[in-house]
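**Student:** Pasting data.cif here (mmCIF, C-alpha atoms (C1' of nucleotides)):
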```cif
data_coords
#
loop_
_atom_site.label_atom_id
_atom_site.label_comp_id
_atom_site.auth_asym_id
_atom_site.auth_seq_id
_atom_site.Cartn_x
_atom_site.Cartn_y
_atom_site.Cartn_z
CA MET O 1 4.67 45.25 -17.07
CA ALA O 2 7.92 43.60 -18.15
CA ASN O 3 6.28 40.28 -18.82
CA PRO O 4 8.60 37.29 -18.63
CA SER O 5 10.57 36.11 -21.60
CA LYS O 6 9.20 33.15 -23.51
CA ALA O 7 12.15 31.14 -22.31
CA GLU O 8 10.88 31.48 -18.76
CA GLN O 9 7.36 30.41 -19.69
CA LEU O 10 7.74 26.75 -18.86
CA PHE O 11 4.83 24.38 -19.10
CA CYS O 12 4.75 21.67 -16.51
CA PRO O 13 3.60 18.30 -17.84
CA THR O 14 3.21 16.81 -14.38
CA GLU O 15 -0.08 18.70 -14.12
CA THR O 16 -1.81 16.21 -16.37
CA ALA O 17 -0.91 13.29 -14.17
CA LEU O 18 -1.56 15.16 -10.95
CA GLY O 19 -4.90 16.30 -12.28
CA ILE O 20 -5.83 12.67 -12.80
CA ILE O 21 -4.51 11.03 -9.66
CA GLY O 22 -4.89 14.11 -7.45
CA GLY O 23 -7.68 14.90 -5.07
CA LYS O 24 -8.53 13.25 -1.80
CA TRP O 25 -9.60 9.82 -3.05
CA LYS O 26 -8.24 9.04 -6.51
CA GLY O 27 -4.89 7.79 -5.32
CA MET O 28 -6.54 5.45 -2.86
CA ILE O 29 -9.04 4.15 -5.40
CA LEU O 30 -6.37 3.47 -7.97
CA TRP O 31 -4.23 1.82 -5.38
CA CYS O 32 -7.10 -0.50 -4.55
CA LEU O 33 -7.72 -1.33 -8.17
CA CYS O 34 -4.04 -2.12 -8.59
CA GLN O 35 -4.75 -5.19 -6.50
CA GLY O 36 -7.33 -6.31 -9.04
CA THR O 37 -10.94 -5.95 -10.12
CA MET O 38 -13.29 -4.74 -7.43
CA ARG O 39 -16.99 -4.17 -7.05
CA PHE O 40 -18.49 -0.89 -5.93
CA GLY O 41 -19.42 -2.05 -2.48
CA GLN O 42 -16.06 -3.68 -2.04
CA LEU O 43 -14.31 -0.42 -2.79
CA HIS O 44 -16.69 1.33 -0.46
CA ARG O 45 -15.84 -0.98 2.40
CA THR O 46 -12.16 -1.00 1.63
CA ILE O 47 -11.72 2.75 1.58
CA PRO O 48 -12.43 4.05 5.06
CA GLY O 49 -14.46 7.20 5.24
CA ILE O 50 -15.47 7.62 1.63
CA THR O 51 -19.14 8.21 0.88
CA GLN O 52 -21.07 6.64 -2.00
CA ARG O 53 -21.39 10.03 -3.58
CA MET O 54 -17.66 10.66 -3.57
CA LEU O 55 -16.81 7.14 -4.67
CA THR O 56 -19.23 7.36 -7.57
CA LYS O 57 -17.91 10.76 -8.56
CA GLN O 58 -14.28 9.76 -8.50
CA LEU O 59 -14.96 6.54 -10.38
CA ARG O 60 -16.80 8.46 -13.07
CA ASP O 61 -13.88 10.85 -13.38
CA LEU O 62 -11.37 8.05 -13.71
CA GLU O 63 -13.57 6.33 -16.23
CA GLU O 64 -13.76 9.51 -18.26
CA TYR O 65 -9.98 9.70 -18.28
CA ASP O 66 -9.87 6.10 -19.55
CA ILE O 67 -7.97 5.08 -16.46
CA ILE O 68 -10.48 2.52 -15.28
CA THR O 69 -13.20 0.41 -16.84
CA ARG O 70 -16.73 -0.08 -15.57
CA LYS O 71 -18.49 -3.35 -16.23
CA VAL O 72 -22.18 -3.59 -15.41
CA TYR O 73 -23.79 -6.99 -14.94
CA PRO O 74 -27.47 -6.69 -15.86
CA GLN O 75 -28.87 -8.59 -12.92
CA VAL O 76 -30.69 -8.15 -9.67
CA PRO O 77 -29.24 -7.17 -7.33
CA PRO O 78 -26.93 -5.04 -9.46
CA LYS O 79 -23.29 -5.88 -9.82
CA VAL O 80 -20.71 -3.45 -11.13
CA GLU O 81 -17.04 -4.21 -11.43
CA TYR O 82 -14.26 -1.70 -11.70
CA ALA O 83 -10.79 -2.41 -12.98
CA LEU O 84 -7.75 -0.65 -14.32
CA SER O 85 -7.87 -0.03 -18.06
CA ALA O 86 -4.85 -0.40 -20.31
CA HIS O 87 -4.04 3.22 -19.57
CA GLY O 88 -4.59 2.63 -15.91
CA GLN O 89 -2.12 -0.23 -15.90
CA THR O 90 0.60 2.19 -16.95
CA LEU O 91 -0.04 4.05 -13.73
CA LYS O 92 0.94 1.08 -11.61
CA PRO O 93 4.68 1.82 -11.51
CA ILE O 94 3.89 5.46 -10.76
CA LEU O 95 1.75 4.51 -7.82
CA ALA O 96 4.35 2.02 -6.66
CA ASN O 97 6.93 4.79 -6.73
CA LEU O 98 4.71 7.11 -4.77
CA GLU O 99 4.14 4.37 -2.26
CA ALA O 100 7.81 3.64 -1.86
CA TRP O 101 8.66 7.30 -1.59
CA SER O 102 6.00 7.88 1.04
CA LYS O 103 7.22 5.04 3.20
CA ASP O 104 10.77 6.24 2.90
CA TYR O 105 9.74 9.78 3.71
CA LEU O 106 7.81 8.74 6.78
CA GLU O 107 10.65 6.59 8.02
CA GLN O 108 13.09 9.45 7.72
CA LYS O 109 10.68 11.74 9.53
CA ILE O 110 10.30 9.36 12.42
CA GLY O 111 13.91 8.25 12.50
CA ARG O 112 15.36 11.73 12.70
CA ASN O 113 13.54 13.05 15.73
CA ASP O 114 15.84 16.07 15.93
CA ALA O 115 13.44 18.71 14.72
CA GLY O 116 10.89 20.38 16.94
CA MET V 1 -23.52 -2.91 10.36
CA ALA V 2 -21.23 -5.72 9.22
CA ASN V 3 -18.17 -3.54 9.31
CA PRO V 4 -15.41 -4.66 6.96
CA SER V 5 -12.85 -7.19 8.02
CA LYS V 6 -9.45 -5.89 9.06
CA ALA V 7 -8.01 -7.49 5.98
CA GLU V 8 -10.08 -5.15 3.88
CA GLN V 9 -8.98 -2.10 5.84
CA LEU V 10 -6.10 -1.15 3.63
CA PHE V 11 -4.10 1.95 4.26
CA CYS V 12 -2.88 3.69 1.15
CA PRO V 13 0.64 5.05 1.46
CA THR V 14 0.39 7.08 -1.71
CA GLU V 15 -1.61 9.62 0.26
CA THR V 16 1.48 10.94 1.93
CA ALA V 17 3.17 11.68 -1.35
CA LEU V 18 0.04 13.00 -2.99
CA GLY V 19 -0.60 15.20 -0.01
CA ILE V 20 2.80 16.75 -0.51
CA ILE V 21 2.95 17.16 -4.25
CA GLY V 22 -0.79 17.54 -4.75
CA GLY V 23 -2.74 20.73 -5.15
CA LYS V 24 -2.78 23.13 -8.01
CA TRP V 25 0.74 24.49 -7.81
CA LYS V 26 3.09 22.19 -5.90
CA GLY V 27 3.90 19.98 -8.85
CA MET V 28 4.79 22.96 -10.96
CA ILE V 29 6.86 24.58 -8.24
CA LEU V 30 8.82 21.41 -7.61
CA TRP V 31 9.28 20.89 -11.29
CA CYS V 32 10.78 24.37 -11.52
CA LEU V 33 13.09 23.77 -8.59
CA CYS V 34 14.25 20.56 -10.20
CA GLN V 35 16.01 22.79 -12.70
CA GLY V 36 17.94 24.40 -9.88
CA THR V 37 17.85 27.12 -7.24
CA MET V 38 15.40 29.92 -7.93
CA ARG V 39 14.47 33.20 -6.36
CA PHE V 40 10.94 34.09 -5.36
CA GLY V 41 10.37 36.51 -8.19
CA GLN V 42 11.87 34.11 -10.65
CA LEU V 43 9.40 31.43 -9.65
CA HIS V 44 6.64 33.97 -9.80
CA ARG V 45 7.52 34.90 -13.37
CA THR V 46 8.14 31.35 -14.43
CA ILE V 47 4.84 29.95 -13.21
CA PRO V 48 2.12 31.56 -15.25
CA GLY V 49 -0.93 32.64 -13.31
CA ILE V 50 0.22 32.05 -9.76
CA THR V 51 -0.28 34.83 -7.25
CA GLN V 52 2.26 35.88 -4.62
CA ARG V 53 -0.07 34.66 -1.96
CA MET V 54 -0.32 31.19 -3.40
CA LEU V 55 3.36 30.98 -4.21
CA THR V 56 4.26 31.98 -0.68
CA LYS V 57 1.78 29.54 0.79
CA GLN V 58 2.90 26.59 -1.28
CA LEU V 59 6.56 27.32 -0.64
CA ARG V 60 5.90 27.45 3.09
CA ASP V 61 4.12 24.11 2.89
CA LEU V 62 6.94 22.49 1.01
CA GLU V 63 9.43 23.95 3.43
CA GLU V 64 7.49 22.53 6.33
CA TYR V 65 7.59 19.11 4.72
CA ASP V 66 11.37 19.47 4.37
CA ILE V 67 11.05 19.21 0.64
CA ILE V 68 12.63 22.54 -0.15
CA THR V 69 15.01 24.92 1.57
CA ARG V 70 14.62 28.65 1.97
CA LYS V 71 17.67 30.84 2.10
CA VAL V 72 17.25 34.48 3.01
CA TYR V 73 19.96 36.96 2.15
CA PRO V 74 19.83 39.80 4.69
CA GLN V 75 20.12 42.66 2.26
CA VAL V 76 18.12 45.39 0.60
CA PRO V 77 16.34 44.73 -1.62
CA PRO V 78 15.55 41.32 -0.16
CA LYS V 79 16.73 38.17 -1.83
CA VAL V 80 15.34 34.74 -1.07
CA GLU V 81 16.43 31.58 -2.76
CA TYR V 82 14.51 28.34 -2.89
CA ALA V 83 15.98 24.97 -3.70
CA LEU V 84 15.21 21.30 -3.33
CA SER V 85 16.32 19.83 -0.02
CA ALA V 86 17.85 16.39 0.29
CA HIS V 87 14.35 15.02 0.66
CA GLY V 88 13.21 17.04 -2.28
CA GLN V 89 15.93 15.59 -4.45
CA THR V 90 14.43 12.16 -3.93
CA LEU V 91 11.27 13.45 -5.56
CA LYS V 92 13.04 14.13 -8.83
CA PRO V 93 12.55 10.66 -10.32
CA ILE V 94 8.93 10.71 -9.21
CA LEU V 95 8.32 13.97 -10.98
CA ALA V 96 10.18 12.71 -14.02
CA ASN V 97 7.89 9.69 -14.06
CA LEU V 98 4.80 11.83 -13.80
CA GLU V 99 6.10 13.97 -16.60
CA ALA V 100 6.80 11.01 -18.85
CA TRP V 101 3.47 9.42 -18.08
CA SER V 102 1.60 12.63 -18.79
CA LYS V 103 3.24 13.06 -22.16
CA ASP V 104 2.54 9.48 -23.05
CA TYR V 105 -1.04 9.80 -21.91
CA LEU V 106 -1.64 12.92 -23.94
CA GLU V 107 -0.09 11.38 -27.02
CA GLN V 108 -2.34 8.35 -26.80
CA LYS V 109 -5.34 10.57 -26.32
CA ILE V 110 -4.59 12.60 -29.40
CA GLY V 111 -3.39 9.69 -31.50
CA ARG V 112 -6.48 7.54 -31.00
CA ASN V 113 -9.18 9.91 -32.11
CA ASP V 114 -11.77 7.11 -32.15
CA ALA V 115 -13.79 8.14 -29.15
CA GLY V 116 -16.60 10.67 -29.30
"C1'" DC H 1 11.92 42.21 -3.81
"C1'" DA H 2 9.46 39.21 -1.11
"C1'" DG H 3 6.26 38.96 1.41
"C1'" DA H 4 1.71 39.78 4.92
"C1'" DA H 5 -3.25 40.93 5.54
"C1'" DT H 6 -7.84 40.97 4.18
"C1'" DC H 7 -11.81 39.78 1.67
"C1'" DC H 8 -14.14 36.82 -1.49
"C1'" DG H 9 -16.21 33.14 -4.75
"C1'" DA H 10 -16.14 28.53 -6.52
"C1'" DG H 11 -15.96 24.00 -5.98
"C1'" DA H 12 -14.36 19.97 -3.48
"C1'" DG H 13 -16.03 17.10 -0.36
"C1'" DG H 14 -19.53 15.44 3.41
"C1'" DA H 15 -24.32 13.96 5.51
"C1'" DT H 16 -28.47 12.22 4.71
"C1'" DA H 17 -32.47 10.35 2.38
"C1'" DC H 18 -34.33 7.98 -1.43
"C1'" DT H 19 -34.56 4.29 -5.43
"C1'" DG H 20 -34.65 0.48 -9.34
"C1'" DC Y 1 -26.30 -3.42 -4.54
"C1'" DA Y 2 -25.10 0.53 -6.69
"C1'" DG Y 3 -26.16 4.21 -7.25
"C1'" DT Y 4 -29.19 9.67 -7.33
"C1'" DA Y 5 -30.69 13.79 -5.36
"C1'" DT Y 6 -30.35 17.58 -2.02
"C1'" DC Y 7 -28.35 20.33 0.99
"C1'" DC Y 8 -24.51 22.03 3.51
"C1'" DT Y 9 -19.70 23.09 5.17
"C1'" DC Y 10 -15.26 24.28 4.56
"C1'" DT Y 11 -11.02 24.65 2.27
"C1'" DC Y 12 -8.52 26.03 -1.80
"C1'" DG Y 13 -7.25 29.41 -4.39
"C1'" DG Y 14 -7.88 34.32 -6.42
"C1'" DA Y 15 -7.91 39.63 -6.23
"C1'" DT Y 16 -6.34 43.40 -4.10
"C1'" DT Y 17 -3.90 46.34 -0.94
"C1'" DC Y 18 -0.05 47.41 2.00
"C1'" DT Y 19 4.96 47.13 3.76
"C1'" DG Y 20 10.12 46.73 5.41
#
```
For this file, produce the structure as structure tokens.
**Tutor:**
Amino acid sequence: MANPSKAEQLFCPTETALGIIGGKWKGMILWCLCQGTMRFGQLHRTIPGITQRMLTKQLRDLEEYDIITRKVYPQVPPKVEYALSAHGQTLKPILANLEAWSKDYLEQKIGRNDAG
Amino acid sequence: MANPSKAEQLFCPTETALGIIGGKWKGMILWCLCQGTMRFGQLHRTIPGITQRMLTKQLRDLEEYDIITRKVYPQVPPKVEYALSAHGQTLKPILANLEAWSKDYLEQKIGRNDAG
DNA sequence: CAGAATCCGAGAGGATACTG
DNA sequence: CAGTATCCTCTCGGATTCTG
């Protein structure tokens, strides 16, 4: 038994953010939308390897979180535009940080070359 | 066919970072280690719900990425200490950002109360 | 105490075909 | 064009047992 003291029971707030931008595609999608509004097909072409099913799913998730907006143009052929919402905009600096960190990390990894 | 132009073939650098801090437990583990060096059992008690297997696995991953260090004290009973590496230290501001963003996000979500 | 080994289910993600 | 609908694989993560 001996369950931990309440002082040790920390709750990690990063989980919320990681739950939203985590997964295999969300980061990439958001990163694309940081560049501006994009249509479905445009996202599909821009993100290598993603399937329609996955793209749709992830977009729906992000929409549910109020991170992106979905604008449907009632016309034929259909046209749907995705963009960052007000909430989503606040993610921009986060994503920029992740980007910068990643680049730095990769550089260090390549530059070192002393580990097997 | 009509494969996308090279200009549309963006590569998203956030994937590196998200690949490292993503998953169900890594964020929490790193967040714990941001507070300082911790022993295995201490992490285990501090992170509610994680199993030894998962904790071990995630720690090994992070070690492989050079994000944390693992120090074994050759004694009985065993003692192993985990801490952020130099690389890991550079993640601190990132995690702090994620934390701040999450809190802000949750506040907005609760404060609005206008969506069904 | 800090793990390794084994078995297992759920769900994330993928391939393909179809549609208004 | 922007999705649905199925079906399938495969990894993530969980439960449990054992050990130096």
**Student:** Please write the residues picked by the PyMOL selection byres ((chain O) within 10 of (chain H)) on this file as a VMD selection string.
**Tutor:** chain O and resid 23 to 24 49 to 51 53 to 54 76 to 78
**Student:** Nearest to DG3 of chain Y among O:Met28, O:Ile20, O:Leu33, O:Leu59, with distances taken over only C-alpha atoms (C1' of nucleotides): which residue is it?
**Tutor:** O:Leu59
**Student:** Can you spell out as a compact mmCIF listing (two decimals) with C-alpha atoms, in the coordinates of the input the set of residues that the PyMOL selection byres ((chain O) within 8 of (chain Y)) selects in the structure I just provided?
**Tutor:**
```
# COMPACT_ATOMS: atom_id res chain seq x y z
CA PHE O 40 -18.49 -0.89 -5.93
CA GLY O 41 -19.42 -2.05 -2.48
CA GLN O 52 -21.07 6.64 -2.00
CA THR O 56 -19.23 7.36 -7.57
CA PRO O 77 -29.24 -7.17 -7.33
CA PRO O 78 -26.93 -5.04 -9.46
CA LYS O 79 -23.29 -5.88 -9.82
CA VAL O 80 -20.71 -3.45 -11.13
```
**Student:** Taking only C-alpha atoms into account, which residues of chain V are within 7 Å of chain O, as a ChimeraX atom specification?
**Tutor:** /V:4,8-10,12-18,22,27-28,31,45-48,94-95,97-99,102-103
**Student:** Would you compute the distance between atom CA of Arg70 of chain V and atom CA of Cys34 of chain V? Give it in Å to one decimal.
**Tutor:**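 Value for the atom CA of Arg70 of chain V-atom CA of Cys34 of chain V distance: 14.6 Å.
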**Student:** Can you measure atom CA of Ile68 of chain V to atom CA of Gln35 of chain V for me? One decimal in Å is fine.
**Tutor:**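 The value is 13.0 Å.
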**Student:** Using Å and a single decimal, report how far atom CA of Gly36 of chain O sits from atom CA of Asp61 of chain O.
**Tutor:** 18.9 Å
